[in-house]
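**Q** Input file: work_37.cif. Contents: mmCIF, C-alpha atoms and all ligand atoms.
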data_coords
#
loop_
_atom_site.group_PDB
_atom_site.id
_atom_site.type_symbol
_atom_site.label_atom_id
_atom_site.label_comp_id
_atom_site.auth_asym_id
_atom_site.auth_seq_id
_atom_site.Cartn_x
_atom_site.Cartn_y
_atom_site.Cartn_z
ATOM 1 C CA MET V 1 17.709 35.742 -25.456
ATOM 2 C CA GLU V 2 20.622 33.451 -26.293
ATOM 3 C CA LEU V 3 20.617 30.839 -29.011
ATOM 4 C CA PHE V 4 23.334 28.172 -29.017
ATOM 5 C CA THR V 5 23.689 27.104 -32.607
ATOM 6 C CA ALA V 6 26.092 25.572 -35.146
ATOM 7 C CA ARG V 7 26.445 26.524 -38.772
ATOM 8 C CA VAL V 8 26.491 22.903 -39.882
ATOM 9 C CA CYS V 9 23.308 21.865 -38.035
ATOM 10 C CA PRO V 10 19.937 21.769 -39.861
ATOM 11 C CA TYR V 11 18.030 21.651 -36.574
ATOM 12 C CA ALA V 12 19.746 24.827 -35.363
ATOM 13 C CA HIS V 13 18.938 26.425 -38.718
ATOM 14 C CA ARG V 14 15.263 25.817 -38.025
ATOM 15 C CA THR V 15 15.398 28.017 -34.955
ATOM 16 C CA ARG V 16 17.502 30.721 -36.581
ATOM 17 C CA LEU V 17 14.910 30.814 -39.368
ATOM 18 C CA ALA V 18 12.048 31.122 -36.872
ATOM 19 C CA LEU V 19 13.737 34.003 -35.029
ATOM 20 C CA LEU V 20 14.494 35.797 -38.296
ATOM 21 C CA GLU V 21 10.986 35.258 -39.678
ATOM 22 C CA LYS V 22 9.509 36.643 -36.466
ATOM 23 C CA GLY V 23 12.006 39.491 -36.241
ATOM 24 C CA VAL V 24 12.978 38.588 -32.672
ATOM 25 C CA PRO V 25 16.487 39.787 -31.758
ATOM 26 C CA PHE V 26 18.792 37.223 -30.177
ATOM 27 C CA GLU V 27 22.399 36.614 -29.235
ATOM 28 C CA HIS V 28 23.816 34.074 -31.677
ATOM 29 C CA ILE V 29 26.329 31.776 -29.963
ATOM 30 C CA GLU V 30 28.174 29.570 -32.448
ATOM 31 C CA GLU V 31 29.131 26.394 -30.623
ATOM 32 C CA ASP V 32 32.039 24.139 -31.574
ATOM 33 C CA LEU V 33 30.357 20.731 -31.301
ATOM 34 C CA LYS V 34 33.750 18.995 -31.118
ATOM 35 C CA ASN V 35 34.763 21.115 -28.156
ATOM 36 C CA LYS V 36 31.579 22.083 -26.313
ATOM 37 C CA SER V 37 31.762 25.015 -23.896
ATOM 38 C CA GLU V 38 30.724 24.768 -20.235
ATOM 39 C CA ARG V 39 28.161 27.487 -20.869
ATOM 40 C CA PHE V 40 26.576 25.439 -23.653
ATOM 41 C CA LEU V 41 26.535 22.188 -21.675
ATOM 42 C CA LYS V 42 24.777 24.020 -18.859
ATOM 43 C CA ALA V 43 22.103 25.239 -21.285
ATOM 44 C CA SER V 44 21.723 22.023 -23.282
ATOM 45 C CA PRO V 45 21.157 18.886 -21.215
ATOM 46 C CA TYR V 46 21.535 16.673 -24.318
ATOM 47 C CA GLY V 47 24.638 18.572 -25.491
ATOM 48 C CA LYS V 48 22.862 19.322 -28.767
ATOM 49 C CA VAL V 49 22.169 22.508 -30.681
ATOM 50 C CA PRO V 50 19.866 24.338 -30.889
ATOM 51 C CA ALA V 51 19.355 25.391 -27.272
ATOM 52 C CA LEU V 52 17.642 28.596 -26.251
ATOM 53 C CA VAL V 53 17.988 30.534 -23.007
ATOM 54 C CA HIS V 54 15.199 33.030 -22.418
ATOM 55 C CA ASN V 55 14.167 34.735 -19.181
ATOM 56 C CA GLY V 56 16.359 32.307 -17.221
ATOM 57 C CA GLN V 57 14.676 29.246 -18.775
ATOM 58 C CA THR V 58 16.371 26.740 -21.026
ATOM 59 C CA ILE V 59 14.363 25.387 -23.946
ATOM 60 C CA TYR V 60 15.725 22.686 -26.255
ATOM 61 C CA GLU V 61 14.678 20.415 -29.153
ATOM 62 C CA SER V 62 14.067 22.455 -32.306
ATOM 63 C CA PRO V 63 10.306 21.784 -32.795
ATOM 64 C CA ILE V 64 9.695 22.653 -29.144
ATOM 65 C CA ILE V 65 11.854 25.787 -29.275
ATOM 66 C CA ASN V 66 10.075 26.943 -32.424
ATOM 67 C CA GLU V 67 6.614 26.469 -30.919
ATOM 68 C CA TYR V 68 7.780 28.216 -27.745
ATOM 69 C CA LEU V 69 8.959 31.186 -29.822
ATOM 70 C CA ASP V 70 5.715 31.270 -31.778
ATOM 71 C CA GLU V 71 3.658 31.299 -28.585
ATOM 72 C CA THR V 72 5.905 33.763 -26.745
ATOM 73 C CA PHE V 73 6.088 36.217 -29.645
ATOM 74 C CA PRO V 74 2.618 35.953 -31.184
ATOM 75 C CA GLU V 75 3.153 38.659 -33.804
ATOM 76 C CA LYS V 76 3.770 37.172 -37.261
ATOM 77 C CA PRO V 77 2.411 33.739 -36.286
ATOM 78 C CA LEU V 78 4.102 30.710 -37.804
ATOM 79 C CA MET V 79 1.387 28.229 -36.863
ATOM 80 C CA PRO V 80 -2.190 28.270 -38.172
ATOM 81 C CA ALA V 81 -4.956 29.410 -35.806
ATOM 82 C CA ASP V 82 -7.264 26.492 -36.602
ATOM 83 C CA PRO V 83 -6.681 23.490 -34.271
ATOM 84 C CA VAL V 84 -7.080 20.958 -37.083
ATOM 85 C CA LEU V 85 -4.487 22.740 -39.212
ATOM 86 C CA ARG V 86 -2.211 23.077 -36.180
ATOM 87 C CA ALA V 87 -2.443 19.327 -35.704
ATOM 88 C CA LYS V 88 -1.671 18.777 -39.402
ATOM 89 C CA ALA V 89 1.331 21.108 -39.128
ATOM 90 C CA ARG V 90 2.642 19.050 -36.202
ATOM 91 C CA ILE V 91 2.009 15.808 -38.105
ATOM 92 C CA TRP V 92 4.278 16.988 -40.949
ATOM 93 C CA ILE V 93 6.986 18.212 -38.587
ATOM 94 C CA HIS V 94 6.798 14.825 -36.839
ATOM 95 C CA TYR V 95 6.945 13.026 -40.206
ATOM 96 C CA CYS V 96 10.064 15.006 -41.059
ATOM 97 C CA ASP V 97 11.775 14.112 -37.792
ATOM 98 C CA THR V 98 10.604 10.513 -37.528
ATOM 99 C CA TYR V 99 10.642 9.188 -41.094
ATOM 100 C CA PHE V 100 12.200 11.617 -43.559
ATOM 101 C CA THR V 101 15.415 12.513 -41.722
ATOM 102 C CA SER V 102 16.407 8.922 -40.948
ATOM 103 C CA ASP V 103 16.025 7.910 -44.604
ATOM 104 C CA PHE V 104 17.704 11.149 -45.732
ATOM 105 C CA TYR V 105 20.810 10.479 -43.638
ATOM 106 C CA ALA V 106 20.766 6.764 -44.500
ATOM 107 C CA VAL V 107 21.434 7.711 -48.131
ATOM 108 C CA ILE V 108 24.569 9.750 -47.418
ATOM 109 C CA GLN V 109 25.907 7.526 -44.627
ATOM 110 C CA ASN V 110 25.552 4.254 -46.518
ATOM 111 C CA LYS V 111 28.926 2.578 -47.096
ATOM 112 C CA ASP V 112 27.649 -0.228 -49.332
ATOM 113 C CA ARG V 113 27.340 1.135 -52.885
ATOM 114 C CA ALA V 114 25.185 -1.862 -53.858
ATOM 115 C CA LYS V 115 22.500 -0.556 -51.508
ATOM 116 C CA ASP V 116 22.466 3.045 -52.806
ATOM 117 C CA ALA V 117 19.592 2.563 -55.266
ATOM 118 C CA GLU V 118 17.369 0.865 -52.696
ATOM 119 C CA LEU V 119 18.007 3.575 -50.075
ATOM 120 C CA LYS V 120 17.408 6.377 -52.562
ATOM 121 C CA GLU V 121 14.144 4.748 -53.611
ATOM 122 C CA LYS V 122 13.072 4.549 -49.953
ATOM 123 C CA LEU V 123 13.804 8.268 -49.588
ATOM 124 C CA ASN V 124 11.922 9.015 -52.822
ATOM 125 C CA ALA V 125 8.914 7.168 -51.395
ATOM 126 C CA ARG V 126 9.028 9.373 -48.281
ATOM 127 C CA LEU V 127 9.090 12.456 -50.491
ATOM 128 C CA ARG V 128 6.180 11.202 -52.601
ATOM 129 C CA VAL V 129 4.081 10.922 -49.425
ATOM 130 C CA ALA V 130 4.993 14.512 -48.530
ATOM 131 C CA GLU V 131 4.246 15.591 -52.112
ATOM 132 C CA GLU V 132 0.768 14.047 -52.211
ATOM 133 C CA GLU V 133 -0.501 13.898 -48.649
ATOM 134 C CA GLY V 134 1.398 16.927 -47.370
ATOM 135 C CA LEU V 135 1.717 19.672 -49.966
ATOM 136 C CA GLY V 136 -0.903 18.127 -52.254
ATOM 137 C CA ALA V 137 -3.532 18.179 -49.519
ATOM 138 C CA LEU V 138 -2.565 21.361 -47.693
ATOM 139 C CA SER V 139 -0.680 23.862 -49.841
ATOM 140 C CA GLY V 140 -3.460 24.847 -52.284
ATOM 141 C CA GLY V 141 -1.872 27.380 -54.622
ATOM 142 C CA GLY V 142 1.294 27.389 -52.482
ATOM 143 C CA PRO V 143 4.028 28.249 -52.493
ATOM 144 C CA TYR V 144 4.431 27.075 -48.882
ATOM 145 C CA TRP V 145 3.460 23.810 -47.191
ATOM 146 C CA LEU V 146 0.262 25.252 -45.718
ATOM 147 C CA GLY V 147 -0.490 27.686 -48.525
ATOM 148 C CA SER V 148 0.414 31.315 -48.990
ATOM 149 C CA GLU V 149 1.970 31.882 -45.535
ATOM 150 C CA VAL V 150 5.256 30.445 -44.360
ATOM 151 C CA SER V 151 4.914 28.225 -41.272
ATOM 152 C CA LEU V 152 6.941 26.145 -38.846
ATOM 153 C CA VAL V 153 6.435 23.183 -41.206
ATOM 154 C CA ASP V 154 8.458 24.969 -43.884
ATOM 155 C CA LEU V 155 11.145 25.932 -41.389
ATOM 156 C CA ALA V 156 11.378 22.345 -40.103
ATOM 157 C CA TRP V 157 11.923 20.846 -43.579
ATOM 158 C CA PHE V 158 13.869 23.443 -45.493
ATOM 159 C CA PRO V 159 17.282 23.137 -43.801
ATOM 160 C CA PHE V 160 17.596 19.561 -45.135
ATOM 161 C CA PHE V 161 16.885 20.766 -48.663
ATOM 162 C CA GLU V 162 19.552 23.447 -48.340
ATOM 163 C CA ARG V 163 21.987 20.574 -47.737
ATOM 164 C CA LEU V 164 20.817 18.678 -50.826
ATOM 165 C CA PRO V 165 23.868 19.667 -52.960
ATOM 166 C CA ALA V 166 25.952 17.302 -50.807
ATOM 167 C CA TRP V 167 23.486 14.443 -51.461
ATOM 168 C CA THR V 168 23.609 15.230 -55.172
ATOM 169 C CA HIS V 169 27.408 15.415 -55.166
ATOM 170 C CA TYR V 170 28.051 12.174 -53.266
ATOM 171 C CA ARG V 171 24.977 10.075 -54.120
ATOM 172 C CA ASP V 172 23.483 11.692 -57.217
ATOM 173 C CA PHE V 173 20.303 12.288 -55.259
ATOM 174 C CA THR V 174 17.911 15.068 -56.291
ATOM 175 C CA ILE V 175 14.227 15.812 -55.708
ATOM 176 C CA PRO V 176 12.411 13.156 -57.794
ATOM 177 C CA SER V 177 10.753 14.435 -60.974
ATOM 178 C CA ASP V 178 7.319 13.266 -59.780
ATOM 179 C CA CYS V 179 7.502 15.710 -56.837
ATOM 180 C CA PRO V 180 7.010 19.068 -58.600
ATOM 181 C CA ARG V 181 5.301 20.648 -55.597
ATOM 182 C CA ILE V 182 8.318 19.914 -53.403
ATOM 183 C CA ALA V 183 10.671 21.294 -56.054
ATOM 184 C CA ALA V 184 8.672 24.553 -56.329
ATOM 185 C CA TRP V 185 8.376 24.763 -52.536
ATOM 186 C CA ALA V 186 12.152 24.349 -52.055
ATOM 187 C CA GLU V 187 12.788 27.121 -54.567
ATOM 188 C CA ALA V 188 10.304 29.464 -52.869
ATOM 189 C CA MET V 189 11.878 28.759 -49.485
ATOM 190 C CA ALA V 190 15.424 29.327 -50.754
ATOM 191 C CA GLY V 191 14.343 32.781 -51.937
ATOM 192 C CA ARG V 192 13.139 33.988 -48.533
ATOM 193 C CA ALA V 193 15.265 36.615 -46.820
ATOM 194 C CA SER V 194 15.568 34.428 -43.688
ATOM 195 C CA ALA V 195 16.849 31.466 -45.710
ATOM 196 C CA ARG V 196 19.314 33.641 -47.590
ATOM 197 C CA GLU V 197 20.632 35.028 -44.317
ATOM 198 C CA VAL V 198 21.419 31.609 -42.807
ATOM 199 C CA ALA V 199 22.478 29.952 -46.076
ATOM 200 C CA ASN V 200 25.829 28.266 -46.557
ATOM 201 C CA ASP V 201 27.071 27.586 -50.053
ATOM 202 C CA ALA V 202 27.099 24.158 -51.703
ATOM 203 C CA ALA V 203 30.887 23.816 -51.271
ATOM 204 C CA TYR V 204 30.520 24.188 -47.501
ATOM 205 C CA TYR V 205 28.078 21.258 -47.344
ATOM 206 C CA ILE V 206 30.031 19.117 -49.794
ATOM 207 C CA GLU V 207 33.108 19.497 -47.604
ATOM 208 C CA GLY V 208 31.130 19.201 -44.365
ATOM 209 C CA TYR V 209 29.458 15.916 -45.314
ATOM 210 C CA ALA V 210 32.592 14.323 -46.815
ATOM 211 C CA ARG V 211 33.216 12.322 -43.638
ATOM 212 C CA TYR V 212 29.618 10.993 -43.622
ATOM 213 C CA ALA V 213 29.755 10.095 -47.293
ATOM 214 C CA ALA V 214 33.205 8.413 -47.299
HETATM 215 N N1 LIG C 1 16.231 16.465 -32.055
HETATM 216 C C1 LIG C 1 17.173 17.559 -31.963
HETATM 217 C C2 LIG C 1 18.360 17.247 -32.849
HETATM 218 C C3 LIG C 1 19.501 18.256 -32.686
HETATM 219 C C4 LIG C 1 20.826 17.666 -33.175
HETATM 220 O O1 LIG C 1 20.916 16.496 -33.552
HETATM 221 N N2 LIG C 1 21.881 18.498 -33.138
HETATM 222 C C5 LIG C 1 23.192 17.998 -33.482
HETATM 223 C C6 LIG C 1 23.847 18.796 -34.597
HETATM 224 S S1 LIG C 1 22.922 18.736 -36.088
HETATM 225 C C7 LIG C 1 24.120 18.149 -32.283
HETATM 226 O O2 LIG C 1 24.072 19.121 -31.577
HETATM 227 N N3 LIG C 1 24.996 17.173 -32.074
HETATM 228 C C8 LIG C 1 25.980 17.226 -31.052
HETATM 229 C C9 LIG C 1 26.142 15.940 -30.328
HETATM 230 O O3 LIG C 1 25.260 15.067 -30.445
HETATM 231 O O4 LIG C 1 27.165 15.792 -29.635
HETATM 232 C C10 LIG C 1 16.482 18.875 -32.364
HETATM 233 O O5 LIG C 1 15.516 18.817 -33.143
HETATM 234 O O6 LIG C 1 16.865 19.942 -31.864
#
Hey, can you dump this file as structure tokens for me?
Ligand SMILES: N[C@@H](CCC(=O)N[C@@H](CS)C(=O)NCC(=O)O)C(=O)O

**A**
Amino acid sequence: MELFTARVCPYAHRTRLALLEKGVPFEHIEEDLKNKSERFLKASPYGKVPALVHNGQTIYESPIINEYLDETFPEKPLMPADPVLRAKARIWIHYCDTYFTSDFYAVIQNKDRAKDAELKEKLNARLRVAEEEGLGALSGGGPYWLGSEVSLVDLAWFPFFERLPAWTHYRDFTIPSDCPRIAAWAEAMAGRASAREVANDAAYYIEGYARYAA
């Protein structure tokens, strides 16, 4: 199994986390996204990481790769067995990709300082929904999104929180104080062996996002 990935990419981190959590061995291919290899472009029709090659098949798009891995390697499941909970898990992964990420990147990419407060408040509102309707409804005693077991929901969200030091550095953005469940969740996730293995330090992200934030 080959995984095309990039250290900077939160979506690629999702798949590295899933493979590590499941204990599935893989060949890690670090791709230079500014100078993409022929091999990568053959495996990734959109030219994006992550892309997985397994048994001669190419699978791409991080939520789809992660579900493929969970179904192909059913030991240590990362999705709940109950269909309703599976649907809820997908709803929160979809919320992350459809609503949260666009407002998250809008904060760091904004060039008009007069709009910073408004954009940060929009992002806070997204997080409050996740706090109440996501973790509040599903995590019980936690510490993970769906309770005591880590799931693909956690792996979908956490890579953005690992990058938070850059948002704090450039935009003074932190997890709002009325989202204590998210704060505790992010801490629990950061402590997992998988997260520690893929982690980059704050300085790496601060430098990496400088161009976005300028
Ligand atoms: N929806 C995709 C997003 C992946 C993505 O945006 N990857 C970025 C890096 S973070 C990429 O490969 N960009 C290269 C390019 O667009 O040329 C997923 O979930 O896998």

**Q** Give me, as a tab-separated table, each residue of stretch 108-207 of chain V that comes within 7 Å of stretch 14-35 of chain V, together with its shortest interatomic pair and the distance in Å at one decimal, counting only C-alpha atoms, with rows ordered by chain and rising residue number.

**A**
residue	atom	partner	partner_atom	distance
V:Leu155	CA	V:Arg14	CA	5.3
V:Ala156	CA	V:Arg14	CA	5.6
V:Pro159	CA	V:Arg14	CA	6.7
V:Ser194	CA	V:Leu20	CA	5.7
V:Ala195	CA	V:Leu17	CA	6.7

**Q** Could you put an axis-aligned box around every listed atom of ligand LIG 1 (chain C), padded by 4 Å on each side, and send me its centre and edge lengths in Å to one decimal, as lines of an AutoDock Vina configuration file?

**A**
center_x = 21.3
center_y = 17.5
center_z = -32.9
size_x = 19.6
size_y = 12.9
size_z = 14.5

**Q** Just want the residues within 7 Å of ligand LIG 1 (chain C), written as a list of chain:residue names, counting only C-alpha atoms and all ligand atoms.

**A**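 Listed by chain and ascending number, the contacts are V:Val8, V:Cys9, V:Pro10, V:Tyr11, V:Ala12, V:Leu33, V:Gly47, V:Lys48, V:Val49, V:Pro50, V:Tyr60, V:Glu61, V:Ser62, V:Pro63.
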
**Q** Kindly provide, as a PyMOL selection string, the polymer residues lying within 12 Å of (3.9, 29.9, -30.1), counting all atoms listed in the file and using the coordinates exactly as they appear in the file.

**A** chain V and resi 18-19+22+63-81+86+151-152

**Q** If you measure from atom CA of V:Tyr212 to atom CA of V:Ile108, what distance in Å do you get, rounded to one decimal?

**A** 6.4 Å

**Q** Tell me, as a PyMOL selection string, which residues lie within 9 Å of stretch 136-138 of chain V, counting all atoms listed in the file; anything in the same chain fewer than 6 positions away does not count.

**A** chain V and resi 85+88+130+145-147+181

**Q** As an exercise, work out the distance from atom CA of V:Asn200 to atom CA of V:Gly134 in Å and give it to one decimal place.

**A** 26.9 Å

**Q** Counting all atoms listed in the file, figure out which residue out of V:Asp97, V:Asp103, V:Asp82, V:Glu121 gets nearest to V:Pro176.

**A**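 The answer is V:Glu121, which sits nearest to V:Pro176.
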
**Q** Let me know the residues the PyMOL selection byres (((chain V and resi 127) around 9) and not hetatm) catches in the file above, as a list of chain:residue names.

**A** V:Phe100, V:Lys122, V:Leu123, V:Asn124, V:Ala125, V:Arg126, V:Arg128, V:Val129, V:Ala130, V:Glu131, V:Glu132, V:Ile175, V:Pro176, V:Cys179, V:Ile182

**Q** Just how far from atom CA of V:Trp185 is atom CA of V:Thr168, in Å to one decimal?

**A** 18.2 Å

**Q** Could you tell me which of V:Phe40, V:Tyr205, V:Tyr105, V:Tyr170 comes closest to V:Val53 if we count all atoms listed in the file?

**A** V:Phe40

**Q** Set the distance at 8 Å and use only C-alpha atoms: which residues neighbour V:Trp157 once local chain neighbours fewer than 4 positions away are removed? I'd like the list as a list in words.

**A** Ile93, Cys96, Val153 and Phe161 of chain V

**Q** Which is closer to V:Pro165 than all the others in V:Ala117, V:Ile206, V:Ala188, V:Ser177, using only C-alpha atoms?

**A**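 When distances to V:Pro165 are compared using only C-alpha atoms, the smallest one comes from V:Ile206.
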
**Q** Determine the residue membership of the PyMOL selection byres (((chain V and resi 166) around 9) and not hetatm) for the file above and supply it as a PDB file with C-alpha atoms, in the coordinates of the input.

**A**
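Ended up saving to out12.pdb:
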ATOM      1  CA  ILE V 108      24.569   9.750 -47.418  1.00  0.00           C
ATOM      2  CA  ARG V 163      21.987  20.574 -47.737  1.00  0.00           C
ATOM      3  CA  LEU V 164      20.817  18.678 -50.826  1.00  0.00           C
ATOM      4  CA  PRO V 165      23.868  19.667 -52.960  1.00  0.00           C
ATOM      5  CA  TRP V 167      23.486  14.443 -51.461  1.00  0.00           C
ATOM      6  CA  THR V 168      23.609  15.230 -55.172  1.00  0.00           C
ATOM      7  CA  HIS V 169      27.408  15.415 -55.166  1.00  0.00           C
ATOM      8  CA  TYR V 170      28.051  12.174 -53.266  1.00  0.00           C
ATOM      9  CA  ARG V 171      24.977  10.075 -54.120  1.00  0.00           C
ATOM     10  CA  ASP V 172      23.483  11.692 -57.217  1.00  0.00           C
ATOM     11  CA  PHE V 173      20.303  12.288 -55.259  1.00  0.00           C
ATOM     12  CA  ALA V 202      27.099  24.158 -51.703  1.00  0.00           C
ATOM     13  CA  ALA V 203      30.887  23.816 -51.271  1.00  0.00           C
ATOM     14  CA  TYR V 204      30.520  24.188 -47.501  1.00  0.00           C
ATOM     15  CA  TYR V 205      28.078  21.258 -47.344  1.00  0.00           C
ATOM     16  CA  ILE V 206      30.031  19.117 -49.794  1.00  0.00           C
ATOM     17  CA  GLU V 207      33.108  19.497 -47.604  1.00  0.00           C
ATOM     18  CA  GLY V 208      31.130  19.201 -44.365  1.00  0.00           C
ATOM     19  CA  TYR V 209      29.458  15.916 -45.314  1.00  0.00           C
ATOM     20  CA  ALA V 210      32.592  14.323 -46.815  1.00  0.00           C
ATOM     21  CA  ALA V 213      29.755  10.095 -47.293  1.00  0.00           C
TER      22      ALA V 213
END

**Q** Which residue out of V:Thr174, V:Glu133, V:Val150, V:Lys111 has the minimum interatomic distance to V:Tyr95 when all atoms listed in the file are used?

**A**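 Smallest separation from V:Tyr95 among the options: V:Glu133.
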
**Q** Check the smallest atom-to-atom distance from each of V:Lys36, V:Arg113, V:His13, V:His54 to V:Glu197 using all atoms listed in the file, then report the winner.

**A**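 Comparing V:Lys36, V:Arg113, V:His13, V:His54 against V:Glu197, the winner is V:His13.
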